[in-house]
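Each remark here refers to the structure printed beneath this line.
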Amino acid sequence: MARVVVDVLLKPEILDPQGKAVEGALGRLGLAGVSSVRQGKTFTIDVDGDLDDARLAQLHELAGSLLSNPVIEDYSIREVTA
Amino acid sequence: MARVVVDVLLKPEILDPQGKAVEGALGRLGLAGVSSVRQGKTFTIDVDGDLDDARLAQLHELAGSLLSNPVIEDYSIREVTA
Amino acid sequence: MTSGMRIGVVTFPGSLDDRDAARAVRIAGGEAVALWHADADLHGVDGVVLPGGFSYGDYLRCGAIARFAPVMTPLIDAAKGGLPILGICNGFQVLCESHLLPGALVRNDHLHFICRDQKLRIESNSTAWTSDFEVGQEIVIPLKNGEGGYVADDKTLDQLEGDGRVIARYLDINPNGSRRDIAGITNERGNVVGLMPHPEHAVEALTGPTTDGLGFFTSVLTSLVNR
Amino acid sequence: MSRHVDTVIDAAANPDTSQPFAELGLKPDEYQQIREILGRRPTSAELAMYSVMWSEHCSYKSSKVHLRQFGDKKPETDALLVGIGENAGVVDIGDGWAVTFKVESHNHPSYVEPYQGAATGIGGIVRDILSMGARPVAVMDPLRFGAADHPDTRRVLPGVVAGIGGYGNCLGLPNIGGEVVFDSSYQGNPLVNALCVGTMRHEDIHLASAKGVGNLVVLYGAKTGGDGIGGVSVLASETFDEGGPAKRPSVQVGDPFMEKLLIECTLEVLHAGLVEGIQDLGGAGISCATSELASNGEGGMHVRLDAVPLRDATLTPEEILMSESQERMCAVVTPEKIDAFLAICRKWDVTADVIGEVTSTGRLVIEWHGEIIVDVPPRTVAHDGPVYNRPLARPDWQDDLIASGTSDLPRPASAIEIRDSIMTMVGSPNLAAKTWITSQYDRYVLGNTVLAQPEDSGMVRVDEVTGRGVAVSTDCNGRFAKLDPYNGAKLALAEAYRNVAATGAAPLAVTNCLNFGSPEDPAVMWQFSEAVRGLADGCLELGTPVTGGNVSFYNQTGETAIHPTPVVGVLGVIEDVTKRTPMGFGAAGDVVLLLGETRDELDGSEWAHVVHSHLGGVPPQVDLAAEMRLAEVLVELGGSGALTAAHDLSDGGVAQALVEMALRRGVGASITLPADVDAFVTLFSESTARVIVTASPANADTVMSAATSAGVVVTALGSVGNLGDDLVIENVAADSVRLSLAELSQAAEATLPALFG
Ligand SMILES: Nc1ncnc2c1ncn2[C@@H]1O[C@H](COP(=O)(O)OP(=O)(O)O)[C@@H](O)[C@H]1O
Ligand SMILES: [Mg+2]
């Protein structure tokens, strides 16, 4: 079995209201010096068998269309040990 | 400046309807052999200055109370290079 | 006719149903007192409603940021001292985040926000907010939420059921995937109640599907008088 | 500063620097005009401002000459407190209350990014209403999509609906109605219109003008980022090519939580008397707000652009001027009151910064770190842009279209065939229940929603003491408008007017959102001019002034324009909302009456569309005098409590209306069609000026005589049954049709979940 994590983040120029709300809260709760918070999503995907190149390519395809919205988000894929 | 990422994941026993929906969609879109998808959140936090032990402790405190809800979620913290 | 009882309604940034909750208190015969999130003072009220809405946009988790508001410090103390507190929808989420009630509320299982007239069965009338109902009474009040699925581990659920602390259950359909069809719960003492549907939207025949929601607000006034 | 900014001094010194005016959407003669106005070349910041403000979306350059008719043909009215030209019109609804309402489009952004496009559409219209000094109290969402079963509709619709709900619900505004129409003409160009209603006391009306030399200009709300830069000229004014969303301009992301704070903060500063003038930031952002405020006020303003708080420190001054970051407002405040103003902003956690002051120079001067980058007469930016009298020509296909009516189409004859047709229509996407969509919208918040979807109009209580309220409906049948744009616009108006009257409210005022193809196509321009003429004539005849609206051009894919879609919103007043008339069958034994005359009018009908995929012929006859008589009867009888239900007849005719009245509360009816008319025509014709009403047997005579004496034809249709009874229709081709509520409900409710669930 292989495990991949797809990280999805808003593009840097896109407003992140969620991150902003967290930034405010962290400040109010006394964490000093927070200059920015960005909130993102992760998808931890377990697939049976090996993650060969073909499937990795397919995963990239899906990460860029289904899992992220290319208009406002960027994604990256990392393999982790399950 | 230091950058930390707080990863928040639903506890394994908590139902994850979003992960389930993604799992179904990945299958329908032709990615074979997906055995599980879990959706999580990340917070990428930039703090000015160094991340000394005191602040790291404070961050753990906040990650376990504000950023995650211990009733349903687990968190982990990793430092990354900004 | 007013009971002379003063019920506070907290406004957090992003609270939406605060006016409605205040109206419901007035229609039930109480005096509604506006409480401000940044003011760490309950101003001597006899009970508190945490209204629905999207406090802080619900961006982190529903209720997660509101739980740390200054007003919550005296409120949490007062709750432990027996002050009647009703959390509706977002207010329920705040109560869970504050650990005044067990469990948590998660994204609806169908992933959509849903607004519907929901049938419920009242399961307990031994709380400050349900004493005017009969056990087993069926009522219809609006439900509207995106994250209304009640979850807790089995042990907690068994304990809630065993102690008679499930106060209302969904009938006909489970609109959000809540475990064991739970729509509302209470603490051990019965003064703190969390409810996902919105009784404050069912207090006038003109604007609500029924006036069934009024019972929650008359209950607290009655229980205060009989205290 | 690493990058050199183009200053006014530079512009004078280097007159021949070539400038990318074409890329910014300006025509050579428009660029020349700017040079003439300024007596030099514009700086790059000035060019940015002129290009966005002179875009079709902001300047109305192609529509202006036509829209004047709304003023020229304005009916006699005392109701209009603020007319066309402000952020939104304001009408007097009595007892010192005023209401403002307006509808706007967010079509192209919603095609690119359905969720955020639709969400920011709601956000934008809400700020328009807020900027008049009103508390927003309800929203509506007229929507048009391509074919229901097209894959792209599956991409667009769920996102649009989630975005409207996500933003409106989080803002705490009830969604009280709207429209959902599927038609392949909107494939590749869905329409996402958003309407907002706001209420205020007369004395709270505020206008967008920068009065009082020395007063301060405050920008408050969200920080400025790189959102939608150039969005106005690029997004709203250009056609999508075949490739669809491949072209990806930067998208605005909405923050409804910020907007909620902005609403509360704005109302608090307004009510505290701290504001001289106020303007929302929408399309064209700071360029628009500063130039409009200045040109509506003393005429001069000095702005320090580097005082604008930024989300992204790398933005250039041109980008800051053009940014369409959401959730921002601009206020003019006297120096004595500025501290109080800023304190209220702090209370609501809203960032606020003084960015300039009002001057008497007659110039809008903008500086950037001490250098002057803009120095223009503000009127030339905001109001005196180019005006086009575009060529128009009745399309060559119009005659053929009109000639191919429905008279040759096979009609169902037997009771069985008619029954099948009813069932097919009930489950068709345009007529099917919209529950899957509307259940994603909060309709209860604020506690004043008296009627909401699927009622004929949305109705909210304005005054909790007296029960005074308003009702709003939006309508447009694009097929009718395609067949005859002049009468199509009148039909849209008539339908919305009738929907409002059906609930018991007296129609008072009109808003509109005119969605059309490219104004550069003479055929489209003809459709547009006809529709405007029809709407203006109609409003004059009905006595309901147009208070404002919006024009959305370039709704087309390649050469193919959408159906002309002049969405009309009508607002009515009801003195006591407890007297409102609901749409559903209620008490058993109530008599069912048809008010109005039915003719054989099936061209352009829903039946022709669903059963034959046919569009051609002449739309139903418009009779606004009959609409007025009918409305008077409905308002009078509604107010006197004589009606137990009323439901407007439109798409799908009598058959569909009976089904909807039965399904509303699960109550059947026993109907007998008039013997002397063809049953198919009675059931499916879409003749206008008709409503089905019910009344208790005791009130039946009152209703019939009131209608008759007003000159409204009455036809007895039958009586209301009990909870759960079937809907039975007798006299259908010498036979009867029996429909169980269970099968009707199943057919009506299953369609959208099956497509989008
Ligand atoms: N997008 C929408 N949002 C909210 N309400 C809607 C929407 N679409 C339709 N509705 C509501 O559904 C009902 C039926 O719509 P429609 O068929 O257009 O009514 P009518 O036949 O009176 O024009 C109306 O109450 C309308 O307001
Ligand atoms: Mg309609």
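Ordering of the structure tokens sets the chain letters (A, B, ...); residue numbers start at 1 within each chain; ligands are numbered from 1 in the order shown.
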
Which residues of chain D have any atom within 7 Å of an atom in ligand 1 when counting only C-alpha atoms and all ligand atoms, and what is the closest pair of atoms for each, with the distance in Å to one decimal? Order the rows by chain and rising number and write it as a tab-separated table.
residue	atom	partner	partner_atom_place_in_ligand_line	distance
D:Met140	CA	ligand 1	4 (C)	5.8
D:Asp141	CA	ligand 1	1 (N)	4.8
D:Pro142	CA	ligand 1	1 (N)	5.3
D:Leu143	CA	ligand 1	1 (N)	5.6
D:Asn175	CA	ligand 1	4 (C)	6.2
D:Ile176	CA	ligand 1	4 (C)	6.0
D:Gly177	CA	ligand 1	27 (O)	3.2
D:Gly178	CA	ligand 1	7 (C)	3.5
D:Glu179	CA	ligand 1	8 (N)	3.1
D:Val180	CA	ligand 1	8 (N)	4.3
D:Leu431	CA	ligand 1	17 (O)	6.2
D:Lys434	CA	ligand 1	9 (C)	6.1
D:Ile437	CA	ligand 1	1 (N)	6.9
D:Thr438	CA	ligand 1	4 (C)	5.5
D:Ala452	CA	ligand 1	25 (O)	6.1
D:Gln453	CA	ligand 1	25 (O)	3.5
D:Pro454	CA	ligand 1	25 (O)	3.3
D:Glu455	CA	ligand 1	25 (O)	4.1
D:Asp456	CA	ligand 1	22 (O)	4.5
D:Ser457	CA	ligand 1	25 (O)	5.7
D:Gly458	CA	ligand 1	27 (O)	6.5
D:Ser473	CA	ligand 1	27 (O)	6.7
D:Asp475	CA	ligand 1	23 (O)	5.7
D:Glu495	CA	ligand 1	23 (O)	6.9
D:Asn499	CA	ligand 1	22 (O)	5.9
D:Asp648	CA	ligand 1	22 (O)	6.0
D:Leu649	CA	ligand 1	21 (O)	6.9
D:Ser650	CA	ligand 1	21 (O)	5.5
D:Asp651	CA	ligand 1	21 (O)	5.9

Residues within 12 Å of D:Gly165, only C-alpha atoms, excluding chain neighbours under 3 positions, as a ChimeraX atom specification: /C:112-115,144-146 /D:115-116,118-123,139-141,158-162,168-176,194,256,437-443

Dump of C-alpha atoms for the selected residues, as an mmCIF file, in the first residue's frame:
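part.cif, written as the output of this step:
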data_model
loop_
_atom_site.group_PDB
_atom_site.id
_atom_site.type_symbol
_atom_site.label_atom_id
_atom_site.label_comp_id
_atom_site.auth_asym_id
_atom_site.auth_seq_id
_atom_site.Cartn_x
_atom_site.Cartn_y
_atom_site.Cartn_z
ATOM 1 C CA HIS C 112 -24.606 20.791 1.986
ATOM 2 C CA PHE C 113 -26.007 23.544 4.143
ATOM 3 C CA ILE C 114 -29.600 22.606 4.838
ATOM 4 C CA CYS C 115 -32.586 24.729 5.846
ATOM 5 C CA LYS C 144 -30.466 25.385 9.300
ATOM 6 C CA ASN C 145 -26.845 24.417 9.441
ATOM 7 C CA GLY C 146 -23.835 23.300 7.462
ATOM 8 C CA TYR D 115 -18.645 29.519 -5.937
ATOM 9 C CA GLN D 116 -16.686 32.727 -5.520
ATOM 10 C CA ALA D 118 -21.794 33.928 -7.100
ATOM 11 C CA ALA D 119 -20.729 34.663 -3.528
ATOM 12 C CA THR D 120 -19.142 37.979 -4.438
ATOM 13 C CA GLY D 121 -22.219 38.784 -6.520
ATOM 14 C CA ILE D 122 -24.289 38.676 -3.339
ATOM 15 C CA GLY D 123 -21.626 40.640 -1.483
ATOM 16 C CA VAL D 139 -31.730 38.635 -0.966
ATOM 17 C CA MET D 140 -33.010 36.877 -4.085
ATOM 18 C CA ASP D 141 -31.165 35.083 -6.861
ATOM 19 C CA PRO D 158 -23.814 23.397 -7.564
ATOM 20 C CA GLY D 159 -20.995 25.904 -7.125
ATOM 21 C CA VAL D 160 -23.222 28.897 -7.823
ATOM 22 C CA VAL D 161 -25.850 27.680 -5.386
ATOM 23 C CA ALA D 162 -23.274 26.893 -2.708
ATOM 24 C CA GLY D 168 -25.888 34.998 2.123
ATOM 25 C CA ASN D 169 -26.312 32.542 4.982
ATOM 26 C CA CYS D 170 -23.112 33.674 6.664
ATOM 27 C CA LEU D 171 -24.206 37.279 6.275
ATOM 28 C CA GLY D 172 -27.512 36.571 7.966
ATOM 29 C CA LEU D 173 -29.791 37.588 5.124
ATOM 30 C CA PRO D 174 -32.800 35.449 4.336
ATOM 31 C CA ASN D 175 -33.074 34.305 0.732
ATOM 32 C CA ILE D 176 -36.729 34.868 -0.096
ATOM 33 C CA ALA D 194 -28.486 38.873 -7.324
ATOM 34 C CA PRO D 256 -18.918 37.205 4.249
ATOM 35 C CA ILE D 437 -31.441 24.542 -4.360
ATOM 36 C CA THR D 438 -33.533 26.595 -1.990
ATOM 37 C CA SER D 439 -32.999 24.292 0.991
ATOM 38 C CA GLN D 440 -29.363 25.404 0.868
ATOM 39 C CA TYR D 441 -30.499 28.930 1.687
ATOM 40 C CA ASP D 442 -31.478 30.266 5.104
ATOM 41 C CA ARG D 443 -34.932 31.773 4.758
#

Interface, chain A side, toward chain B (8 Å; only C-alpha atoms) as a PyMOL selection string: chain A and resi 19+26+31-49+55+58-59+62+67

Nearest to chain B, chosen from C:Gly14, C:Gly103, C:Gly91, C:Pro51, with only C-alpha atoms counted in the distances: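 Among the listed residues, C:Gly103 lies closest to chain B.
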
Chain D residues near chain A (7 Å cut-off, only C-alpha atoms) as a ChimeraX atom specification: /D:226-227,248,253,255

Take the residues that were just selected and, keeping C-alpha atoms, output them as a PDB file, in the first residue's frame.
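Listing of part.pdb after writing:
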ATOM      1  CA  GLY D 226      -4.638  41.860  -5.971  1.00  0.00           C
ATOM      2  CA  ASP D 227      -8.164  40.570  -6.493  1.00  0.00           C
ATOM      3  CA  ARG D 248      -8.361  32.842 -16.164  1.00  0.00           C
ATOM      4  CA  VAL D 253     -12.691  35.810  -3.036  1.00  0.00           C
ATOM      5  CA  ASP D 255     -15.307  37.110   3.063  1.00  0.00           C
TER       6      ASP D 255
END

Which of chain A fall in strand (DSSP E or B), as JSON, numbers by chain: {"A": [2, 3, 4, 5, 6, 7, 8, 9, 10, 34, 35, 36, 37, 38, 39, 40, 41, 42, 43, 44, 45, 46, 47, 73, 74, 75, 76, 77, 78, 79, 80]}

Residues of chain C within 8 Å of chain B, only C-alpha atoms counted, as an MDAnalysis selection string: chainID C and resid 60 64:65 97 103:104 107:111 151:152

Can you write just those residues out, N, CA and C atoms, as a PDB file, in the first residue's frame?
ATOM      1  N   LEU C  60     -12.611  28.618  11.321  1.00  0.00           N
ATOM      2  CA  LEU C  60     -11.700  27.603  11.834  1.00  0.00           C
ATOM      3  C   LEU C  60     -12.488  26.315  12.063  1.00  0.00           C
ATOM      4  N   ALA C  64     -15.225  27.728  17.506  1.00  0.00           N
ATOM      5  CA  ALA C  64     -13.897  27.544  18.076  1.00  0.00           C
ATOM      6  C   ALA C  64     -13.284  28.855  18.550  1.00  0.00           C
ATOM      7  N   ILE C  65     -13.510  29.920  17.805  1.00  0.00           N
ATOM      8  CA  ILE C  65     -12.886  31.186  18.180  1.00  0.00           C
ATOM      9  C   ILE C  65     -13.748  31.914  19.220  1.00  0.00           C
ATOM     10  N   GLU C  97     -17.363  23.404  22.196  1.00  0.00           N
ATOM     11  CA  GLU C  97     -15.968  23.840  22.155  1.00  0.00           C
ATOM     12  C   GLU C  97     -15.489  24.264  23.540  1.00  0.00           C
ATOM     13  N   GLY C 103     -18.868  16.120  23.339  1.00  0.00           N
ATOM     14  CA  GLY C 103     -19.045  15.861  21.911  1.00  0.00           C
ATOM     15  C   GLY C 103     -18.679  17.063  21.067  1.00  0.00           C
ATOM     16  N   ALA C 104     -19.014  16.948  19.793  1.00  0.00           N
ATOM     17  CA  ALA C 104     -18.672  18.013  18.850  1.00  0.00           C
ATOM     18  C   ALA C 104     -19.650  17.972  17.699  1.00  0.00           C
ATOM     19  N   ARG C 107     -19.279  18.652  10.004  1.00  0.00           N
ATOM     20  CA  ARG C 107     -19.892  18.896   8.699  1.00  0.00           C
ATOM     21  C   ARG C 107     -21.040  17.912   8.434  1.00  0.00           C
ATOM     22  N   ASN C 108     -22.145  18.398   7.915  1.00  0.00           N
ATOM     23  CA  ASN C 108     -23.275  17.530   7.568  1.00  0.00           C
ATOM     24  C   ASN C 108     -22.798  16.390   6.671  1.00  0.00           C
ATOM     25  N   ASP C 109     -23.359  15.221   6.860  1.00  0.00           N
ATOM     26  CA  ASP C 109     -22.858  14.064   6.099  1.00  0.00           C
ATOM     27  C   ASP C 109     -23.085  14.222   4.600  1.00  0.00           C
ATOM     28  N   HIS C 110     -24.108  15.012   4.194  1.00  0.00           N
ATOM     29  CA  HIS C 110     -24.346  15.204   2.759  1.00  0.00           C
ATOM     30  C   HIS C 110     -23.584  16.403   2.225  1.00  0.00           C
ATOM     31  N   LEU C 111     -22.846  17.087   3.073  1.00  0.00           N
ATOM     32  CA  LEU C 111     -21.941  18.176   2.697  1.00  0.00           C
ATOM     33  C   LEU C 111     -22.621  19.458   2.247  1.00  0.00           C
ATOM     34  N   VAL C 151     -21.434  14.448  17.010  1.00  0.00           N
ATOM     35  CA  VAL C 151     -20.601  13.259  17.198  1.00  0.00           C
ATOM     36  C   VAL C 151     -20.035  13.229  18.604  1.00  0.00           C
ATOM     37  N   ALA C 152     -19.888  12.017  19.096  1.00  0.00           N
ATOM     38  CA  ALA C 152     -19.191  11.768  20.360  1.00  0.00           C
ATOM     39  C   ALA C 152     -18.860  10.290  20.348  1.00  0.00           C
TER      40      ALA C 152
END

d(atom CA of D:Ser745, atom CA of D:Arg664) in Å: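 Between atom CA of D:Ser745 and atom CA of D:Arg664 the gap works out to 9.7 Å.
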
All residues 8 Å or closer to stretch 338-348 of chain D, only C-alpha atoms, same chain fewer than 4 positions away omitted, as a PyMOL selection string: (chain C and resi 13) or (chain D and resi 216+220+261-262+264-265+268-269+274+333-334+352)

Counting only C-alpha atoms, chain C residues within 10 Å of chain D, as an NGL selection string: :C and (13-21 or 23-24 or 38 or 52-59 or 110 or 112-117 or 142-146 or 198 or 200-209)

D:Asn430, D:Ser552, D:Thr751, D:Thr316 ranked by distance to ligand 2, top pick (using only C-alpha atoms and all ligand atoms):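 Of D:Asn430, D:Ser552, D:Thr751, D:Thr316, the one nearest ligand 2, counting only C-alpha atoms and all ligand atoms, is D:Asn430.
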